[in-house]
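Trainee: Pasting upload.cif below, which is mmCIF, C-alpha atoms.
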data_structure
#
loop_
_atom_site.group_PDB
_atom_site.id
_atom_site.type_symbol
_atom_site.label_atom_id
_atom_site.label_comp_id
_atom_site.auth_asym_id
_atom_site.auth_seq_id
_atom_site.Cartn_x
_atom_site.Cartn_y
_atom_site.Cartn_z
ATOM 1 C CA MET A 4 74.475 -138.071 -71.056
ATOM 2 C CA ASN A 5 71.905 -136.929 -68.534
ATOM 3 C CA LYS A 6 68.240 -137.380 -69.346
ATOM 4 C CA GLY A 7 66.379 -134.174 -70.232
ATOM 5 C CA MET A 8 63.993 -132.457 -67.845
ATOM 6 C CA LEU A 9 60.272 -131.914 -68.270
ATOM 7 C CA ILE A 10 59.581 -128.215 -67.660
ATOM 8 C CA VAL A 11 55.907 -127.353 -67.141
ATOM 9 C CA VAL A 12 55.043 -123.676 -67.656
ATOM 10 C CA SER A 13 51.685 -122.098 -66.745
ATOM 11 C CA GLY A 14 50.318 -118.621 -66.259
ATOM 12 C CA PRO A 15 47.245 -116.549 -67.019
ATOM 13 C CA SER A 16 46.385 -115.416 -70.540
ATOM 14 C CA GLY A 17 48.274 -112.205 -71.332
ATOM 15 C CA CYS A 18 51.157 -112.773 -68.891
ATOM 16 C CA GLY A 19 53.640 -113.249 -71.749
ATOM 17 C CA LYS A 20 54.338 -117.000 -71.574
ATOM 18 C CA GLY A 21 54.614 -117.344 -75.344
ATOM 19 C CA THR A 22 57.034 -114.420 -75.697
ATOM 20 C CA ILE A 23 59.346 -115.775 -72.981
ATOM 21 C CA LEU A 24 59.280 -119.304 -74.406
ATOM 22 C CA ALA A 25 59.964 -118.049 -77.946
ATOM 23 C CA GLU A 26 63.282 -116.691 -76.610
ATOM 24 C CA ILE A 27 64.097 -119.870 -74.678
ATOM 25 C CA LEU A 28 63.328 -122.098 -77.679
ATOM 26 C CA LYS A 29 66.000 -120.402 -79.795
ATOM 27 C CA ASN A 30 68.359 -122.809 -77.988
ATOM 28 C CA ASP A 31 68.217 -126.279 -79.564
ATOM 29 C CA LYS A 32 68.592 -128.078 -76.228
ATOM 30 C CA PHE A 33 64.879 -127.384 -75.705
ATOM 31 C CA PHE A 34 61.900 -129.102 -77.325
ATOM 32 C CA TYR A 35 58.403 -127.612 -77.271
ATOM 33 C CA SER A 36 55.711 -130.235 -76.666
ATOM 34 C CA ILE A 37 52.821 -129.787 -79.110
ATOM 35 C CA SER A 38 49.382 -130.644 -77.754
ATOM 36 C CA ALA A 39 46.884 -132.889 -79.532
ATOM 37 C CA THR A 40 43.222 -132.073 -80.145
ATOM 38 C CA THR A 41 40.185 -133.483 -81.886
ATOM 39 C CA ARG A 42 38.861 -130.083 -82.934
ATOM 40 C CA ASN A 43 39.124 -128.997 -86.560
ATOM 41 C CA PRO A 44 42.074 -126.805 -87.582
ATOM 42 C CA ARG A 45 41.340 -123.089 -87.741
ATOM 43 C CA PRO A 46 42.408 -121.092 -90.820
ATOM 44 C CA GLY A 47 46.206 -120.907 -90.948
ATOM 45 C CA GLU A 48 46.774 -123.691 -88.396
ATOM 46 C CA VAL A 49 49.159 -126.458 -89.427
ATOM 47 C CA ASP A 50 49.098 -130.058 -88.191
ATOM 48 C CA GLY A 51 52.227 -130.774 -86.132
ATOM 49 C CA VAL A 52 52.976 -127.057 -85.677
ATOM 50 C CA ASN A 53 49.997 -125.576 -83.829
ATOM 51 C CA TYR A 54 48.493 -128.910 -82.711
ATOM 52 C CA HIS A 55 48.494 -132.559 -83.610
ATOM 53 C CA PHE A 56 44.990 -132.799 -85.095
ATOM 54 C CA LEU A 57 43.617 -136.279 -84.345
ATOM 55 C CA THR A 58 40.325 -138.059 -84.929
ATOM 56 C CA LYS A 59 38.236 -138.759 -81.851
ATOM 57 C CA GLN A 60 38.838 -142.492 -82.381
ATOM 58 C CA LYS A 61 42.629 -142.063 -82.512
ATOM 59 C CA PHE A 62 42.612 -139.844 -79.399
ATOM 60 C CA GLU A 63 40.503 -142.375 -77.462
ATOM 61 C CA GLU A 64 42.860 -145.175 -78.564
ATOM 62 C CA LEU A 65 45.768 -143.187 -77.089
ATOM 63 C CA ILE A 66 43.839 -142.679 -73.828
ATOM 64 C CA ALA A 67 43.035 -146.411 -73.628
ATOM 65 C CA GLY A 68 46.678 -147.315 -74.306
ATOM 66 C CA ASP A 69 48.073 -144.897 -71.676
ATOM 67 C CA GLY A 70 49.470 -142.790 -74.508
ATOM 68 C CA MET A 71 48.530 -139.400 -73.029
ATOM 69 C CA LEU A 72 50.394 -137.634 -70.214
ATOM 70 C CA GLU A 73 47.208 -135.669 -69.511
ATOM 71 C CA TYR A 74 44.001 -134.831 -71.337
ATOM 72 C CA ALA A 75 40.701 -133.049 -70.880
ATOM 73 C CA ALA A 76 37.399 -132.761 -72.732
ATOM 74 C CA TYR A 77 36.297 -129.211 -73.537
ATOM 75 C CA CYS A 78 33.372 -128.094 -75.737
ATOM 76 C CA ASP A 79 32.908 -131.639 -77.153
ATOM 77 C CA ASN A 80 36.574 -131.957 -78.111
ATOM 78 C CA TYR A 81 39.579 -133.598 -76.483
ATOM 79 C CA TYR A 82 42.822 -131.739 -75.739
ATOM 80 C CA GLY A 83 45.926 -133.348 -74.307
ATOM 81 C CA THR A 84 49.657 -134.083 -74.286
ATOM 82 C CA PRO A 85 50.866 -137.160 -76.221
ATOM 83 C CA LYS A 86 53.320 -139.138 -74.098
ATOM 84 C CA LYS A 87 55.644 -140.656 -76.737
ATOM 85 C CA PRO A 88 57.223 -137.480 -78.225
ATOM 86 C CA VAL A 89 57.851 -136.181 -74.689
ATOM 87 C CA GLU A 90 59.536 -139.422 -73.553
ATOM 88 C CA ASP A 91 61.578 -139.731 -76.774
ATOM 89 C CA MET A 92 62.982 -136.209 -76.419
ATOM 90 C CA LEU A 93 63.709 -136.588 -72.682
ATOM 91 C CA ASN A 94 65.615 -139.817 -73.406
ATOM 92 C CA ALA A 95 67.567 -137.974 -76.127
ATOM 93 C CA GLY A 96 68.732 -135.490 -73.455
ATOM 94 C CA LYS A 97 66.488 -132.594 -74.545
ATOM 95 C CA HIS A 98 64.597 -130.457 -72.046
ATOM 96 C CA VAL A 99 60.900 -130.652 -72.951
ATOM 97 C CA ILE A 100 58.810 -127.529 -72.385
ATOM 98 C CA LEU A 101 55.122 -128.054 -71.811
ATOM 99 C CA GLU A 102 52.989 -124.897 -71.808
ATOM 100 C CA ILE A 103 49.720 -125.864 -70.168
ATOM 101 C CA GLU A 104 46.874 -124.551 -68.023
ATOM 102 C CA VAL A 105 46.814 -125.233 -64.283
ATOM 103 C CA GLN A 106 44.414 -128.215 -64.231
ATOM 104 C CA GLY A 107 46.527 -130.061 -66.789
ATOM 105 C CA ALA A 108 49.695 -129.147 -64.894
ATOM 106 C CA MET A 109 48.310 -130.672 -61.694
ATOM 107 C CA LYS A 110 47.599 -133.917 -63.582
ATOM 108 C CA ILE A 111 51.185 -133.903 -64.887
ATOM 109 C CA LYS A 112 52.427 -133.360 -61.311
ATOM 110 C CA GLU A 113 50.708 -136.578 -60.217
ATOM 111 C CA LYS A 114 52.315 -138.581 -63.059
ATOM 112 C CA CYS A 115 55.679 -136.795 -63.263
ATOM 113 C CA PRO A 116 56.590 -135.464 -59.796
ATOM 114 C CA ASP A 117 60.226 -134.914 -60.900
ATOM 115 C CA ALA A 118 59.174 -132.358 -63.529
ATOM 116 C CA VAL A 119 60.018 -128.687 -62.934
ATOM 117 C CA PHE A 120 56.921 -126.513 -62.502
ATOM 118 C CA VAL A 121 57.184 -122.779 -63.287
ATOM 119 C CA PHE A 122 54.322 -120.306 -62.944
ATOM 120 C CA ILE A 123 54.620 -117.013 -64.833
ATOM 121 C CA LEU A 124 52.974 -114.057 -63.121
ATOM 122 C CA PRO A 125 52.122 -110.601 -64.469
ATOM 123 C CA PRO A 126 53.531 -107.718 -62.373
ATOM 124 C CA SER A 127 49.938 -106.978 -61.256
ATOM 125 C CA LEU A 128 46.347 -107.609 -62.345
ATOM 126 C CA LYS A 129 46.224 -103.958 -63.377
ATOM 127 C CA GLU A 130 49.158 -104.518 -65.746
ATOM 128 C CA LEU A 131 47.543 -107.728 -67.020
ATOM 129 C CA ARG A 132 44.415 -105.727 -67.896
ATOM 130 C CA ARG A 133 46.589 -103.208 -69.763
ATOM 131 C CA ARG A 134 48.287 -105.993 -71.769
ATOM 132 C CA LEU A 135 44.975 -107.640 -72.653
ATOM 133 C CA ASN A 136 43.560 -104.267 -73.738
ATOM 134 C CA LYS A 137 46.682 -103.592 -75.818
ATOM 135 C CA ARG A 138 46.113 -106.788 -77.808
ATOM 136 C CA GLY A 139 42.906 -105.256 -79.138
ATOM 137 C CA THR A 140 41.517 -108.691 -79.956
ATOM 138 C CA GLU A 141 38.919 -109.130 -77.214
ATOM 139 C CA SER A 142 35.862 -107.291 -75.968
ATOM 140 C CA GLU A 143 35.732 -105.678 -72.518
ATOM 141 C CA GLU A 144 33.426 -108.495 -71.402
ATOM 142 C CA VAL A 145 35.954 -111.163 -72.457
ATOM 143 C CA ILE A 146 38.806 -109.230 -70.786
ATOM 144 C CA GLU A 147 36.825 -109.107 -67.513
ATOM 145 C CA LYS A 148 36.261 -112.863 -67.747
ATOM 146 C CA ARG A 149 39.969 -113.470 -68.392
ATOM 147 C CA LEU A 150 40.929 -111.313 -65.393
ATOM 148 C CA GLY A 151 38.560 -113.301 -63.187
ATOM 149 C CA GLU A 152 40.078 -116.554 -64.461
ATOM 150 C CA ALA A 153 43.591 -115.145 -63.943
ATOM 151 C CA ALA A 154 42.930 -114.431 -60.254
ATOM 152 C CA GLY A 155 41.779 -118.053 -59.811
ATOM 153 C CA GLU A 156 44.782 -119.447 -61.713
ATOM 154 C CA ILE A 157 47.295 -117.357 -59.750
ATOM 155 C CA LYS A 158 46.137 -119.052 -56.532
ATOM 156 C CA TYR A 159 47.628 -122.266 -57.980
ATOM 157 C CA ALA A 160 51.092 -120.655 -58.179
ATOM 158 C CA TYR A 161 51.828 -121.960 -54.648
ATOM 159 C CA LYS A 162 51.665 -125.512 -56.020
ATOM 160 C CA TYR A 163 54.514 -124.809 -58.474
ATOM 161 C CA ASP A 164 58.254 -125.001 -57.755
ATOM 162 C CA TYR A 165 58.950 -121.469 -58.978
ATOM 163 C CA ALA A 166 56.948 -118.274 -59.519
ATOM 164 C CA LEU A 167 58.480 -115.855 -62.003
ATOM 165 C CA ILE A 168 57.229 -112.298 -62.573
ATOM 166 C CA ASN A 169 57.282 -111.150 -66.198
ATOM 167 C CA GLY A 170 57.927 -107.420 -65.924
ATOM 168 C CA GLU A 171 60.894 -106.873 -68.253
ATOM 169 C CA LEU A 172 61.143 -109.600 -70.923
ATOM 170 C CA SER A 173 64.950 -109.939 -70.822
ATOM 171 C CA GLU A 174 64.903 -110.343 -67.020
ATOM 172 C CA ALA A 175 62.090 -112.915 -67.183
ATOM 173 C CA VAL A 176 64.023 -114.923 -69.808
ATOM 174 C CA ASP A 177 67.183 -114.770 -67.659
ATOM 175 C CA ASP A 178 65.170 -115.859 -64.612
ATOM 176 C CA LEU A 179 63.748 -118.888 -66.432
ATOM 177 C CA LEU A 180 67.174 -119.873 -67.779
ATOM 178 C CA SER A 181 68.589 -119.541 -64.228
ATOM 179 C CA ILE A 182 65.866 -121.848 -62.890
ATOM 180 C CA ILE A 183 66.643 -124.425 -65.572
ATOM 181 C CA ARG A 184 70.406 -124.185 -64.948
ATOM 182 C CA ALA A 185 69.916 -124.641 -61.197
ATOM 183 C CA GLU A 186 67.772 -127.720 -61.859
ATOM 184 C CA GLU A 187 70.424 -129.133 -64.225
ATOM 185 C CA LEU A 188 72.916 -128.892 -61.347
ATOM 186 C CA ASN A 189 70.505 -130.442 -58.834
ATOM 187 C CA THR A 190 71.912 -133.788 -57.716
ATOM 188 C CA LYS A 191 68.733 -135.608 -58.792
ATOM 189 C CA ASN A 192 69.524 -134.565 -62.391
ATOM 190 C CA SER A 193 73.318 -134.976 -62.209
ATOM 191 C CA GLU A 194 73.636 -138.694 -61.485
ATOM 192 C CA ASN A 195 75.457 -139.430 -64.766
ATOM 193 C CA ASN A 196 77.908 -136.553 -64.200
ATOM 194 C CA ILE A 197 78.680 -137.723 -60.646
ATOM 195 C CA ASN A 198 79.165 -141.340 -61.763
ATOM 196 C CA GLU A 199 81.442 -140.213 -64.611
ATOM 197 C CA VAL A 200 83.734 -138.424 -62.146
ATOM 198 C CA LEU A 201 83.896 -141.518 -59.925
ATOM 199 C CA GLU A 202 84.592 -143.826 -62.881
ATOM 200 C CA ASN A 203 87.474 -141.621 -64.070
ATOM 201 C CA ALA A 204 89.178 -141.601 -60.680
#
Take the structure from the file and write it as C-alpha cells.
Mentor:
Amino acid sequence: MNKGMLIVVSGPSGCGKGTILAEILKNDKFFYSISATTRNPRPGEVDGVNYHFLTKQKFEELIAGDGMLEYAAYCDNYYGTPKKPVEDMLNAGKHVILEIEVQGAMKIKEKCPDAVFVFILPPSLKELRRRLNKRGTESEEVIEKRLGEAAGEIKYAYKYDYALINGELSEAVDDLLSIIRAEELNTKNSENNINEVLENA
C-alpha cells in the first residue's frame, strides 16, 4: 500500500474552496484535517467537527513537543494543525486534505516539501466581489477588506504546484481530482507499486 498524500488547499475567502472540498470528501479515500484552536467554541460549533478546541496549556505543550505541523497566534488565540492525526491517516494510505491560509501553507511547505499544494482562484476579482455580495453576511466595508486581502493572497499562487480556477463547480472538482490522480501516478508516490511489479516478475 502506498502512503497517502498531504494535499494543501488555499484560496481567498469566497472562491469556493469549501464547496469543492465537500464534493471531494464524499470519497472515503480522503481525510479532512481539522485545525486546533484555543478560542472558545461559537454557538453551534462542535469539538472535533469544526475545530479541536484546546486549552492554551495543552496547545503550548503540543508546540513544545513538536506536535504541530504549523501554528499561528491571532487575536490572543492559537490556531494550528495537529501533526499526529495527519501522520496517522497518511500512514493508513489516506490522502489528507488541509485547507489553510497562505502563511500556514508556506510553513507546511518548509516541513513537508513533498506535499501537493493547490491554490483555488476565482474567475476574476469582479466575480469574487459578486460571490461575497451574494452571501449577504458581510458589510461593504468588510467585503472591500476581503478583496484587498484576496489580491495579496493570489500573489502567493505562484508558490503552489497548481492553480485551479473555480468557474463551474463540476469542472473545478474534476480538475482537482485530475491533479490528485496525476500525483498518485507520479513516480515519487508509486514506489510500492513499482516494487510490487518487480517482486512479481
Trainee: Take the PyMOL selection byres ((chain A and resi 56-62) around 10), run it mentally on this structure, and tell me the resulting residues as an NGL selection string.
Mentor: :A and (38-44 or 48-55 or 63-68 or 70-71 or 74 or 80-83 or 85)
Trainee: Near segment 171-175 of chain A, counting all atoms listed in the file, which residues have an atom at most 12 Å away, once you skip same-chain residues fewer than 2 positions from it, shown as a ChimeraX atom specification?
Mentor: /A:18-27,121-126,166-169,177-182
Trainee: Calculated over only C-alpha atoms, which of the candidates A:Val119, A:Ala153, A:Leu28, A:Ala76 has the smallest distance to Ile183 of chain A?
Mentor: A:Val119
Trainee: Would you mind reading off the distance between atom CA of Val11 of chain A and atom CA of Gly151 of chain A, one decimal, in Å?
Mentor: 22.7 Å
Trainee: Padding of 5 Å on every side, edges along x, y and z, all listed atoms of segment 72-82 of chain A included: what centre and edge lengths in Å, to one decimal, does that box have, as AutoDock Vina command-line options?
Mentor:
--center_x 41.7 --center_y -132.9 --center_z -73.8 --size_x 27.5 --size_y 19.5 --size_z 18.6
Trainee: Run through the PyMOL selection byres ((chain A and resi 130-134) around 10) on the given coordinates and return the selected residues as a ChimeraX atom specification.
Mentor: /A:15-19,124-129,135-139,143,146-147,149-150,153,170
Trainee: How far is it from atom CA of Met92 of chain A to atom CA of Ala118 of chain A, in Å with one decimal?
Mentor: 14.0 Å
Trainee: Kindly add N, CA and C atoms to the incomplete segment 77-102 of chain A and provide the output as a PDB file, in the frame of the given file.
Mentor:
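Final file, rebuild-v4.pdb:
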ATOM      1  N   TYR A  77      36.760-130.600 -73.620  1.00  0.00           N
ATOM      2  CA  TYR A  77      36.297-129.211 -73.537  1.00  0.00           C
ATOM      3  C   TYR A  77      35.492-128.889 -74.800  1.00  0.00           C
ATOM      4  N   CYS A  78      34.251-128.446 -74.597  1.00  0.00           N
ATOM      5  CA  CYS A  78      33.372-128.094 -75.737  1.00  0.00           C
ATOM      6  C   CYS A  78      33.314-129.228 -76.765  1.00  0.00           C
ATOM      7  N   ASP A  79      33.075-130.446 -76.293  1.00  0.00           N
ATOM      8  CA  ASP A  79      32.908-131.639 -77.153  1.00  0.00           C
ATOM      9  C   ASP A  79      34.173-132.055 -77.891  1.00  0.00           C
ATOM     10  N   ASN A  80      35.314-131.525 -77.508  1.00  0.00           N
ATOM     11  CA  ASN A  80      36.574-131.957 -78.111  1.00  0.00           C
ATOM     12  C   ASN A  80      37.567-132.338 -77.017  1.00  0.00           C
ATOM     13  N   TYR A  81      38.496-133.221 -77.392  1.00  0.00           N
ATOM     14  CA  TYR A  81      39.579-133.598 -76.483  1.00  0.00           C
ATOM     15  C   TYR A  81      40.796-132.701 -76.741  1.00  0.00           C
ATOM     16  N   TYR A  82      41.522-132.418 -75.663  1.00  0.00           N
ATOM     17  CA  TYR A  82      42.822-131.739 -75.739  1.00  0.00           C
ATOM     18  C   TYR A  82      43.759-132.495 -74.820  1.00  0.00           C
ATOM     19  N   GLY A  83      45.011-132.643 -75.206  1.00  0.00           N
ATOM     20  CA  GLY A  83      45.926-133.348 -74.307  1.00  0.00           C
ATOM     21  C   GLY A  83      47.358-133.366 -74.804  1.00  0.00           C
ATOM     22  N   THR A  84      48.226-134.016 -74.015  1.00  0.00           N
ATOM     23  CA  THR A  84      49.657-134.083 -74.286  1.00  0.00           C
ATOM     24  C   THR A  84      50.060-135.520 -74.615  1.00  0.00           C
ATOM     25  N   PRO A  85      50.420-135.802 -75.876  1.00  0.00           N
ATOM     26  CA  PRO A  85      50.866-137.160 -76.221  1.00  0.00           C
ATOM     27  C   PRO A  85      52.155-137.513 -75.467  1.00  0.00           C
ATOM     28  N   LYS A  86      52.205-138.726 -74.949  1.00  0.00           N
ATOM     29  CA  LYS A  86      53.320-139.138 -74.098  1.00  0.00           C
ATOM     30  C   LYS A  86      54.600-139.456 -74.888  1.00  0.00           C
ATOM     31  N   LYS A  87      54.459-140.127 -76.039  1.00  0.00           N
ATOM     32  CA  LYS A  87      55.644-140.656 -76.737  1.00  0.00           C
ATOM     33  C   LYS A  87      56.647-139.581 -77.157  1.00  0.00           C
ATOM     34  N   PRO A  88      56.220-138.487 -77.833  1.00  0.00           N
ATOM     35  CA  PRO A  88      57.223-137.480 -78.225  1.00  0.00           C
ATOM     36  C   PRO A  88      57.953-136.887 -77.020  1.00  0.00           C
ATOM     37  N   VAL A  89      57.228-136.724 -75.906  1.00  0.00           N
ATOM     38  CA  VAL A  89      57.851-136.181 -74.689  1.00  0.00           C
ATOM     39  C   VAL A  89      58.923-137.148 -74.186  1.00  0.00           C
ATOM     40  N   GLU A  90      58.585-138.431 -74.065  1.00  0.00           N
ATOM     41  CA  GLU A  90      59.536-139.422 -73.553  1.00  0.00           C
ATOM     42  C   GLU A  90      60.736-139.582 -74.481  1.00  0.00           C
ATOM     43  N   ASP A  91      60.482-139.583 -75.803  1.00  0.00           N
ATOM     44  CA  ASP A  91      61.578-139.731 -76.774  1.00  0.00           C
ATOM     45  C   ASP A  91      62.587-138.594 -76.637  1.00  0.00           C
ATOM     46  N   MET A  92      62.091-137.372 -76.516  1.00  0.00           N
ATOM     47  CA  MET A  92      62.982-136.209 -76.419  1.00  0.00           C
ATOM     48  C   MET A  92      63.725-136.179 -75.075  1.00  0.00           C
ATOM     49  N   LEU A  93      63.040-136.534 -73.989  1.00  0.00           N
ATOM     50  CA  LEU A  93      63.709-136.588 -72.682  1.00  0.00           C
ATOM     51  C   LEU A  93      64.841-137.612 -72.711  1.00  0.00           C
ATOM     52  N   ASN A  94      64.597-138.767 -73.321  1.00  0.00           N
ATOM     53  CA  ASN A  94      65.615-139.817 -73.406  1.00  0.00           C
ATOM     54  C   ASN A  94      66.782-139.412 -74.302  1.00  0.00           C
ATOM     55  N   ALA A  95      66.511-138.484 -75.241  1.00  0.00           N
ATOM     56  CA  ALA A  95      67.567-137.974 -76.127  1.00  0.00           C
ATOM     57  C   ALA A  95      68.350-136.837 -75.466  1.00  0.00           C
ATOM     58  N   GLY A  96      68.004-136.518 -74.193  1.00  0.00           N
ATOM     59  CA  GLY A  96      68.732-135.490 -73.455  1.00  0.00           C
ATOM     60  C   GLY A  96      68.214-134.076 -73.650  1.00  0.00           C
ATOM     61  N   LYS A  97      67.069-133.928 -74.328  1.00  0.00           N
ATOM     62  CA  LYS A  97      66.488-132.594 -74.545  1.00  0.00           C
ATOM     63  C   LYS A  97      65.589-132.231 -73.360  1.00  0.00           C
ATOM     64  N   HIS A  98      65.548-130.944 -73.038  1.00  0.00           N
ATOM     65  CA  HIS A  98      64.597-130.457 -72.046  1.00  0.00           C
ATOM     66  C   HIS A  98      63.278-130.187 -72.777  1.00  0.00           C
ATOM     67  N   VAL A  99      62.212-130.800 -72.297  1.00  0.00           N
ATOM     68  CA  VAL A  99      60.900-130.652 -72.951  1.00  0.00           C
ATOM     69  C   VAL A  99      60.088-129.596 -72.217  1.00  0.00           C
ATOM     70  N   ILE A 100      59.640-128.588 -72.963  1.00  0.00           N
ATOM     71  CA  ILE A 100      58.810-127.529 -72.385  1.00  0.00           C
ATOM     72  C   ILE A 100      57.359-127.790 -72.716  1.00  0.00           C
ATOM     73  N   LEU A 101      56.558-127.812 -71.678  1.00  0.00           N
ATOM     74  CA  LEU A 101      55.122-128.054 -71.811  1.00  0.00           C
ATOM     75  C   LEU A 101      54.389-126.827 -71.285  1.00  0.00           C
ATOM     76  N   GLU A 102      53.754-126.088 -72.186  1.00  0.00           N
ATOM     77  CA  GLU A 102      52.989-124.897 -71.808  1.00  0.00           C
ATOM     78  C   GLU A 102      51.533-125.321 -71.656  1.00  0.00           C
TER      79      GLU A 102
END
